[in-house]
Amino acid sequence: MSVDSWINETLYAAWGQRFKVKRELARVQSDFQDIGIFETYTHGRIMLLDGVVQITESDEFVYQEMIAHVPVLGHGAARNVLIIGAGDGGVLRRVLQHGSVERAVMVEIDGEVIRLSKEFLPGIAGDAWHDPRAEVIVGDGIDYVRRAPAAMFDAIIVDSTDPIGVGEVLFTDEFYENAARILTASGVIVNQCGVPAMQADELHDTSIRRARFFPHVGAYVAAVPTYVGGYMTLGFASKAPGFDQVPTDVIRTRAQAAGILGSTQYWTPEIHAGAFNLPPYISKHLPR
Ligand code: SAM
């Protein structure tokens, strides 16, 4: 790619963001998607899959902290965690920051995303790939949850692409039914559910599906600058009540014990508790 080119995100047909790029670092058509990694002037290195921004070095901490620390600290005693997608390794790194986590299984369908993230975005995962508690599997998340034994995990974190293409299976009844089966009685699942200002169906439709298999369903928000359109939502479903009502001081105590407090740039106990307070334009998409 020539110097000082621009790349346009293609997520929305009639609206989007663009980045001025210094150079293209990688462009691979894998068996699953078009993978592009670029050096930008404003956001460090960024990765796009099929033209959609997945991660930027400048603001990945927002999303990774919220999709990882909220379920682990909200659960309170998560020992076995399943991560689906998250090929850049950022969620794995943050889940493994929690000493309570004994095992983190990460199932990513595209080995090329892992390979290219290791080569061009090494800071995202850090040393997580070498953590003895980590098990990294290249495979389809739907296949993994079909085969996994019952009550195997305390938390499932689905850091997938949107429900188009390979990501679509991770937003289905079959997926949530198996997720409910392989979670413990206090288990919780968290899914990236898009930006409701532009993708309201993603939160609405998947919340209705989660409600078929879990008694408690909701969402929380994170303000990720490069997920354009305002708040990004993370849908959750839990078997036990109270996941979204853990008092701030309890969250703080848990974070202190985990050594997380003070190590984050977006997540705090107050942000954690406050993220479940949804503006009406978002809460209206959740099942009553
Ligand atoms: N944080 C980003 C976001 O919210 O858009 C997503 C990060 S990560 C790059 C998304 C990953 O989900 C991709 O690496 C993609 O290959 C993976 N993925 C999509 N469908 C999958 C499936 N069925 N099983 C496992 N991984 C999948």
# chains A, B, ... in the order shown; residues from 1 in each chain; ligands from 1
>>> select_by_dssp(residues="segment 161-199 of chain A", states="strand (DSSP E or B)", output="JSON, numbers by chain")
{"A": [183, 184, 185, 186, 187, 188, 189, 190, 191, 192]}
>>> residues_near_ligand(ligand="ligand 1", cutoff="7 Å", atoms="only C-alpha atoms and all ligand atoms", output="list in words")
Val53, Gln54, Ile55, Tyr63, Ile84, Gly85, Ala86, Gly87, Asp88, Val107, Glu108, Ile109, Asp110, Val113, Gly139, Asp140, Gly141, Ile142, Asp159, Ser160, Thr161, Asp162, Val166, Gly167, Glu168, Val169, Leu170 and Gln192 of chain A
>>> residues_around(residues="segment 13-28 of chain A", least_positions_apart="6", cutoff="10 Å", atoms="only C-alpha atoms", output="MDAnalysis selection string")
chainID A and resid 1:7 34:49 52:53 112:113 116 119:120 198 226:229
>>> closest_residue(among="A:His204, A:Lys118, A:Arg147, A:Arg103", to="Leu286 of chain A", atoms="only C-alpha atoms")
A:His204
>>> atom_distance(atom1="atom CA of Arg94 of chain A", atom2="atom CA of Gly262 of chain A")
13.6 Å
>>> atom_distance(atom1="atom CA of Asp154 of chain A", atom2="atom CA of Val62 of chain A")
22.9 Å
>>> residues_around(residues="segment 238-241 of chain A", least_positions_apart="5", cutoff="8 Å", atoms="only C-alpha atoms", output="PyMOL selection string")
chain A and resi 180+185-189+214-217
>>> write_last_selection(atoms="all heavy atoms", output="mmCIF file, in the first residue's frame")
data_model
loop_
_atom_site.group_PDB
_atom_site.id
_atom_site.type_symbol
_atom_site.label_atom_id
_atom_site.label_comp_id
_atom_site.auth_asym_id
_atom_site.auth_seq_id
_atom_site.Cartn_x
_atom_site.Cartn_y
_atom_site.Cartn_z
ATOM 1 N N ALA A 180 -25.372 -22.956 28.045
ATOM 2 C CA ALA A 180 -26.048 -23.154 29.342
ATOM 3 C C ALA A 180 -25.675 -24.517 29.926
ATOM 4 O O ALA A 180 -25.441 -24.653 31.131
ATOM 5 C CB ALA A 180 -27.559 -23.038 29.161
ATOM 6 N N ALA A 185 -23.675 -23.995 37.797
ATOM 7 C CA ALA A 185 -24.955 -23.427 38.259
ATOM 8 C C ALA A 185 -24.868 -21.921 38.512
ATOM 9 O O ALA A 185 -25.876 -21.216 38.486
ATOM 10 C CB ALA A 185 -25.384 -24.128 39.536
ATOM 11 N N SER A 186 -23.667 -21.431 38.737
ATOM 12 C CA SER A 186 -23.500 -19.970 38.939
ATOM 13 C C SER A 186 -22.880 -19.323 37.704
ATOM 14 O O SER A 186 -22.390 -18.195 37.755
ATOM 15 C CB SER A 186 -22.579 -19.728 40.142
ATOM 16 O OG SER A 186 -21.316 -20.359 39.890
ATOM 17 N N GLY A 187 -22.902 -20.045 36.590
ATOM 18 C CA GLY A 187 -22.191 -19.605 35.392
ATOM 19 C C GLY A 187 -22.776 -18.384 34.711
ATOM 20 O O GLY A 187 -23.963 -18.063 34.857
ATOM 21 N N VAL A 188 -21.922 -17.699 33.944
ATOM 22 C CA VAL A 188 -22.335 -16.509 33.200
ATOM 23 C C VAL A 188 -21.679 -16.524 31.832
ATOM 24 O O VAL A 188 -20.546 -16.981 31.676
ATOM 25 C CB VAL A 188 -21.947 -15.216 33.964
ATOM 26 C CG1 VAL A 188 -20.442 -15.100 34.163
ATOM 27 C CG2 VAL A 188 -22.478 -13.978 33.258
ATOM 28 N N ILE A 189 -22.443 -16.048 30.825
ATOM 29 C CA ILE A 189 -21.877 -15.896 29.489
ATOM 30 C C ILE A 189 -21.981 -14.438 29.085
ATOM 31 O O ILE A 189 -22.982 -13.772 29.382
ATOM 32 C CB ILE A 189 -22.589 -16.805 28.450
ATOM 33 C CG1 ILE A 189 -21.999 -16.610 27.040
ATOM 34 C CG2 ILE A 189 -24.098 -16.594 28.439
ATOM 35 C CD1 ILE A 189 -22.480 -17.626 26.008
ATOM 36 N N PHE A 214 -31.518 -19.058 29.654
ATOM 37 C CA PHE A 214 -30.993 -18.513 30.914
ATOM 38 C C PHE A 214 -32.092 -17.668 31.580
ATOM 39 O O PHE A 214 -32.800 -16.920 30.897
ATOM 40 C CB PHE A 214 -29.784 -17.611 30.637
ATOM 41 C CG PHE A 214 -28.554 -18.319 30.153
ATOM 42 C CD1 PHE A 214 -28.358 -18.567 28.804
ATOM 43 C CD2 PHE A 214 -27.581 -18.749 31.054
ATOM 44 C CE1 PHE A 214 -27.226 -19.224 28.344
ATOM 45 C CE2 PHE A 214 -26.439 -19.403 30.602
ATOM 46 C CZ PHE A 214 -26.261 -19.641 29.252
ATOM 47 N N PRO A 215 -32.193 -17.738 32.907
ATOM 48 C CA PRO A 215 -33.230 -16.945 33.596
ATOM 49 C C PRO A 215 -32.922 -15.459 33.710
ATOM 50 O O PRO A 215 -33.823 -14.647 33.889
ATOM 51 C CB PRO A 215 -33.287 -17.594 34.979
ATOM 52 C CG PRO A 215 -31.955 -18.231 35.177
ATOM 53 C CD PRO A 215 -31.472 -18.658 33.807
ATOM 54 N N HIS A 216 -31.631 -15.113 33.631
ATOM 55 C CA HIS A 216 -31.255 -13.705 33.821
ATOM 56 C C HIS A 216 -30.481 -13.229 32.591
ATOM 57 O O HIS A 216 -29.412 -13.779 32.265
ATOM 58 C CB HIS A 216 -30.412 -13.566 35.093
ATOM 59 C CG HIS A 216 -31.074 -14.180 36.295
ATOM 60 N ND1 HIS A 216 -32.105 -13.558 36.969
ATOM 61 C CD2 HIS A 216 -30.910 -15.402 36.891
ATOM 62 C CE1 HIS A 216 -32.530 -14.345 37.935
ATOM 63 N NE2 HIS A 216 -31.827 -15.468 37.914
ATOM 64 N N VAL A 217 -31.000 -12.218 31.930
ATOM 65 C CA VAL A 217 -30.417 -11.720 30.679
ATOM 66 C C VAL A 217 -30.352 -10.208 30.731
ATOM 67 O O VAL A 217 -31.281 -9.547 31.230
ATOM 68 C CB VAL A 217 -31.288 -12.159 29.477
ATOM 69 C CG1 VAL A 217 -30.826 -11.480 28.186
ATOM 70 C CG2 VAL A 217 -31.235 -13.682 29.308
#
>>> closest_residue(among="A:Glu65, A:Gln245, A:Ile182, A:Ala258", to="Val101 of chain A", atoms="only C-alpha atoms")
A:Ala258
>>> closest_residue(among="A:Ala77, A:Ala150, A:Val145, A:Ile156", to="Leu92 of chain A", atoms="only C-alpha atoms")
A:Ile156
>>> closest_residue(among="A:Arg115, A:Arg146, A:Lys284, A:Arg133", to="Arg79 of chain A", atoms="only C-alpha atoms")
A:Arg133
>>> select_by_dssp(residues="segment 26-224 of chain A", states="alpha helix (DSSP H)", output="VMD selection string")
chain A and resid 60 to 75 90 to 95 111 to 120 122 to 125 141 to 147 173 to 182 196 to 211
>>> write_last_selection(atoms="C-alpha atoms", output="CSV table (one decimal), in the first residue's frame")
chain,number,residue,atom,x,y,z
A,60,GLU,CA,-8.2,-2.1,22.8
A,61,PHE,CA,-7.9,-1.8,26.5
A,62,VAL,CA,-11.5,-0.4,26.8
A,63,TYR,CA,-13.1,-3.4,25.2
A,64,GLN,CA,-10.7,-6.1,26.5
A,65,GLU,CA,-11.0,-4.9,30.1
A,66,MET,CA,-14.7,-4.8,30.0
A,67,ILE,CA,-15.3,-8.1,28.3
A,68,ALA,CA,-12.9,-9.9,30.6
A,69,HIS,CA,-12.9,-8.3,34.1
A,70,VAL,CA,-16.7,-7.8,34.3
A,71,PRO,CA,-17.6,-11.5,34.0
A,72,VAL,CA,-14.7,-12.8,36.1
A,73,LEU,CA,-15.2,-10.2,38.9
A,74,GLY,CA,-19.0,-10.3,38.6
A,75,HIS,CA,-19.0,-14.0,39.0
A,90,GLY,CA,-6.2,-9.6,24.5
A,91,VAL,CA,-9.0,-11.3,26.3
A,92,LEU,CA,-6.9,-14.2,27.2
A,93,ARG,CA,-4.2,-11.9,28.7
A,94,ARG,CA,-6.7,-10.1,30.9
A,95,VAL,CA,-8.6,-13.3,32.1
A,111,GLY,CA,-5.3,-19.7,13.1
A,112,GLU,CA,-4.2,-16.9,10.7
A,113,VAL,CA,-5.6,-14.3,13.1
A,114,ILE,CA,-3.6,-15.8,15.9
A,115,ARG,CA,-0.4,-16.0,13.8
A,116,LEU,CA,-0.7,-12.5,12.5
A,117,SER,CA,-1.6,-11.1,15.9
A,118,LYS,CA,1.5,-12.7,17.4
A,119,GLU,CA,3.7,-11.2,14.7
A,120,PHE,CA,2.2,-7.7,14.2
A,122,PRO,CA,2.4,-8.7,20.1
A,123,GLY,CA,1.6,-6.3,22.8
A,124,ILE,CA,-2.1,-7.2,22.8
A,125,ALA,CA,-1.6,-10.7,24.3
A,141,GLY,CA,-16.7,-22.3,18.8
A,142,ILE,CA,-19.9,-24.0,18.0
A,143,ASP,CA,-18.2,-27.4,17.7
A,144,TYR,CA,-16.4,-26.9,21.0
A,145,VAL,CA,-19.5,-26.1,23.0
A,146,ARG,CA,-21.3,-29.1,21.4
A,147,ARG,CA,-18.6,-31.5,22.7
A,173,ASP,CA,-30.2,-21.1,19.9
A,174,GLU,CA,-27.9,-24.1,19.6
A,175,PHE,CA,-24.9,-22.2,20.8
A,176,TYR,CA,-26.7,-20.7,23.8
A,177,GLU,CA,-28.3,-24.1,24.7
A,178,ASN,CA,-24.9,-25.7,24.8
A,179,ALA,CA,-23.4,-22.8,26.6
A,180,ALA,CA,-26.0,-23.2,29.3
A,181,ARG,CA,-25.3,-26.9,29.5
A,182,ILE,CA,-21.5,-26.4,29.9
A,196,PRO,CA,-27.0,-0.6,19.3
A,197,ALA,CA,-27.2,2.8,17.6
A,198,MET,CA,-26.4,1.0,14.4
A,199,GLN,CA,-26.9,-2.7,15.2
A,200,ALA,CA,-29.8,-2.8,17.6
A,201,ASP,CA,-31.0,-6.2,16.1
A,202,GLU,CA,-27.7,-7.8,17.3
A,203,LEU,CA,-28.5,-7.0,21.0
A,204,HIS,CA,-32.3,-7.5,20.6
A,205,ASP,CA,-32.3,-10.8,18.7
A,206,THR,CA,-29.5,-12.5,20.7
A,207,SER,CA,-31.0,-11.4,24.1
A,208,ILE,CA,-34.3,-13.1,23.2
A,209,ARG,CA,-32.3,-16.2,22.3
A,210,ARG,CA,-30.3,-16.1,25.5
A,211,ALA,CA,-33.5,-15.7,27.5
>>> atom_distance(atom1="atom CA of Pro247 of chain A", atom2="atom CA of Ala273 of chain A")
7.0 Å
>>> closest_residue(among="A:Thr268, A:Phe213, A:Pro132, A:Gly274", to="Thr253 of chain A", atoms="only C-alpha atoms")
A:Thr268
>>> residues_around(residues="Gln256 of chain A", least_positions_apart="3", cutoff="12 Å", atoms="only C-alpha atoms", output="MDAnalysis selection string")
chainID A and resid 73 97:99 249:253 259:263 268:269
>>> decode(residues="segment 216-246 of chain A", atoms="N, CA and C atoms", output="PDB file, in the first residue's frame")
ATOM      1  N   HIS A 216     -31.631 -15.113  33.631  1.00  0.00           N
ATOM      2  CA  HIS A 216     -31.255 -13.705  33.821  1.00  0.00           C
ATOM      3  C   HIS A 216     -30.481 -13.229  32.591  1.00  0.00           C
ATOM      4  N   VAL A 217     -31.000 -12.218  31.930  1.00  0.00           N
ATOM      5  CA  VAL A 217     -30.417 -11.720  30.679  1.00  0.00           C
ATOM      6  C   VAL A 217     -30.352 -10.208  30.731  1.00  0.00           C
ATOM      7  N   GLY A 218     -29.257  -9.653  30.274  1.00  0.00           N
ATOM      8  CA  GLY A 218     -29.135  -8.194  30.261  1.00  0.00           C
ATOM      9  C   GLY A 218     -27.948  -7.787  29.418  1.00  0.00           C
ATOM     10  N   ALA A 219     -27.455  -6.601  29.667  1.00  0.00           N
ATOM     11  CA  ALA A 219     -26.313  -6.097  28.903  1.00  0.00           C
ATOM     12  C   ALA A 219     -25.616  -5.012  29.714  1.00  0.00           C
ATOM     13  N   TYR A 220     -24.401  -4.752  29.328  1.00  0.00           N
ATOM     14  CA  TYR A 220     -23.687  -3.610  29.888  1.00  0.00           C
ATOM     15  C   TYR A 220     -22.932  -2.928  28.753  1.00  0.00           C
ATOM     16  N   VAL A 221     -22.447  -1.734  29.003  1.00  0.00           N
ATOM     17  CA  VAL A 221     -21.894  -0.927  27.909  1.00  0.00           C
ATOM     18  C   VAL A 221     -20.427  -0.579  28.146  1.00  0.00           C
ATOM     19  N   ALA A 222     -19.789  -0.264  27.037  1.00  0.00           N
ATOM     20  CA  ALA A 222     -18.412   0.250  27.075  1.00  0.00           C
ATOM     21  C   ALA A 222     -18.284   1.257  25.940  1.00  0.00           C
ATOM     22  N   ALA A 223     -17.546   2.313  26.182  1.00  0.00           N
ATOM     23  CA  ALA A 223     -17.390   3.358  25.160  1.00  0.00           C
ATOM     24  C   ALA A 223     -16.063   3.123  24.440  1.00  0.00           C
ATOM     25  N   VAL A 224     -16.138   2.388  23.337  1.00  0.00           N
ATOM     26  CA  VAL A 224     -14.930   2.049  22.563  1.00  0.00           C
ATOM     27  C   VAL A 224     -14.833   3.023  21.391  1.00  0.00           C
ATOM     28  N   PRO A 225     -13.890   3.944  21.399  1.00  0.00           N
ATOM     29  CA  PRO A 225     -13.854   4.981  20.360  1.00  0.00           C
ATOM     30  C   PRO A 225     -13.909   4.452  18.928  1.00  0.00           C
ATOM     31  N   THR A 226     -13.253   3.329  18.648  1.00  0.00           N
ATOM     32  CA  THR A 226     -13.202   2.899  17.249  1.00  0.00           C
ATOM     33  C   THR A 226     -14.285   1.890  16.888  1.00  0.00           C
ATOM     34  N   TYR A 227     -15.233   1.634  17.816  1.00  0.00           N
ATOM     35  CA  TYR A 227     -16.450   0.901  17.438  1.00  0.00           C
ATOM     36  C   TYR A 227     -17.478   2.000  17.267  1.00  0.00           C
ATOM     37  N   VAL A 228     -17.492   2.587  16.077  1.00  0.00           N
ATOM     38  CA  VAL A 228     -18.220   3.839  15.852  1.00  0.00           C
ATOM     39  C   VAL A 228     -19.723   3.684  16.086  1.00  0.00           C
ATOM     40  N   GLY A 229     -20.341   4.734  16.653  1.00  0.00           N
ATOM     41  CA  GLY A 229     -21.783   4.710  16.867  1.00  0.00           C
ATOM     42  C   GLY A 229     -22.164   4.826  18.334  1.00  0.00           C
ATOM     43  N   GLY A 230     -21.241   5.204  19.154  1.00  0.00           N
ATOM     44  CA  GLY A 230     -21.570   5.372  20.581  1.00  0.00           C
ATOM     45  C   GLY A 230     -21.287   4.098  21.355  1.00  0.00           C
ATOM     46  N   TYR A 231     -22.094   3.835  22.379  1.00  0.00           N
ATOM     47  CA  TYR A 231     -21.829   2.686  23.253  1.00  0.00           C
ATOM     48  C   TYR A 231     -21.791   1.370  22.482  1.00  0.00           C
ATOM     49  N   MET A 232     -20.857   0.549  22.864  1.00  0.00           N
ATOM     50  CA  MET A 232     -20.768  -0.856  22.445  1.00  0.00           C
ATOM     51  C   MET A 232     -21.481  -1.638  23.545  1.00  0.00           C
ATOM     52  N   THR A 233     -22.279  -2.656  23.168  1.00  0.00           N
ATOM     53  CA  THR A 233     -22.932  -3.436  24.238  1.00  0.00           C
ATOM     54  C   THR A 233     -22.310  -4.821  24.351  1.00  0.00           C
ATOM     55  N   LEU A 234     -22.281  -5.273  25.590  1.00  0.00           N
ATOM     56  CA  LEU A 234     -21.860  -6.638  25.888  1.00  0.00           C
ATOM     57  C   LEU A 234     -23.062  -7.314  26.532  1.00  0.00           C
ATOM     58  N   GLY A 235     -23.669  -8.245  25.802  1.00  0.00           N
ATOM     59  CA  GLY A 235     -24.832  -8.940  26.346  1.00  0.00           C
ATOM     60  C   GLY A 235     -24.377  -9.992  27.339  1.00  0.00           C
ATOM     61  N   PHE A 236     -25.181 -10.193  28.387  1.00  0.00           N
ATOM     62  CA  PHE A 236     -24.831 -11.273  29.321  1.00  0.00           C
ATOM     63  C   PHE A 236     -26.059 -12.124  29.599  1.00  0.00           C
ATOM     64  N   ALA A 237     -25.814 -13.335  30.040  1.00  0.00           N
ATOM     65  CA  ALA A 237     -26.879 -14.213  30.519  1.00  0.00           C
ATOM     66  C   ALA A 237     -26.295 -15.040  31.654  1.00  0.00           C
ATOM     67  N   SER A 238     -27.060 -15.157  32.727  1.00  0.00           N
ATOM     68  CA  SER A 238     -26.531 -15.888  33.889  1.00  0.00           C
ATOM     69  C   SER A 238     -27.597 -16.826  34.439  1.00  0.00           C
ATOM     70  N   LYS A 239     -27.132 -17.885  35.080  1.00  0.00           N
ATOM     71  CA  LYS A 239     -28.058 -18.859  35.674  1.00  0.00           C
ATOM     72  C   LYS A 239     -28.504 -18.394  37.053  1.00  0.00           C
ATOM     73  N   ALA A 240     -27.605 -17.676  37.726  1.00  0.00           N
ATOM     74  CA  ALA A 240     -27.948 -17.185  39.065  1.00  0.00           C
ATOM     75  C   ALA A 240     -28.275 -15.694  38.976  1.00  0.00           C
ATOM     76  N   PRO A 241     -29.081 -15.187  39.906  1.00  0.00           N
ATOM     77  CA  PRO A 241     -29.410 -13.759  39.890  1.00  0.00           C
ATOM     78  C   PRO A 241     -28.245 -12.921  40.403  1.00  0.00           C
ATOM     79  N   GLY A 242     -28.293 -11.628  40.096  1.00  0.00           N
ATOM     80  CA  GLY A 242     -27.383 -10.696  40.760  1.00  0.00           C
ATOM     81  C   GLY A 242     -26.085 -10.377  40.050  1.00  0.00           C
ATOM     82  N   PHE A 243     -25.841 -10.986  38.891  1.00  0.00           N
ATOM     83  CA  PHE A 243     -24.573 -10.725  38.182  1.00  0.00           C
ATOM     84  C   PHE A 243     -24.407  -9.234  37.912  1.00  0.00           C
ATOM     85  N   ASP A 244     -25.518  -8.552  37.624  1.00  0.00           N
ATOM     86  CA  ASP A 244     -25.466  -7.125  37.272  1.00  0.00           C
ATOM     87  C   ASP A 244     -25.738  -6.223  38.479  1.00  0.00           C
ATOM     88  N   GLN A 245     -25.767  -6.826  39.669  1.00  0.00           N
ATOM     89  CA  GLN A 245     -26.072  -6.000  40.859  1.00  0.00           C
ATOM     90  C   GLN A 245     -25.048  -6.168  41.978  1.00  0.00           C
ATOM     91  N   VAL A 246     -23.871  -6.608  41.639  1.00  0.00           N
ATOM     92  CA  VAL A 246     -22.833  -6.770  42.669  1.00  0.00           C
ATOM     93  C   VAL A 246     -22.423  -5.379  43.157  1.00  0.00           C
TER      94      VAL A 246
END
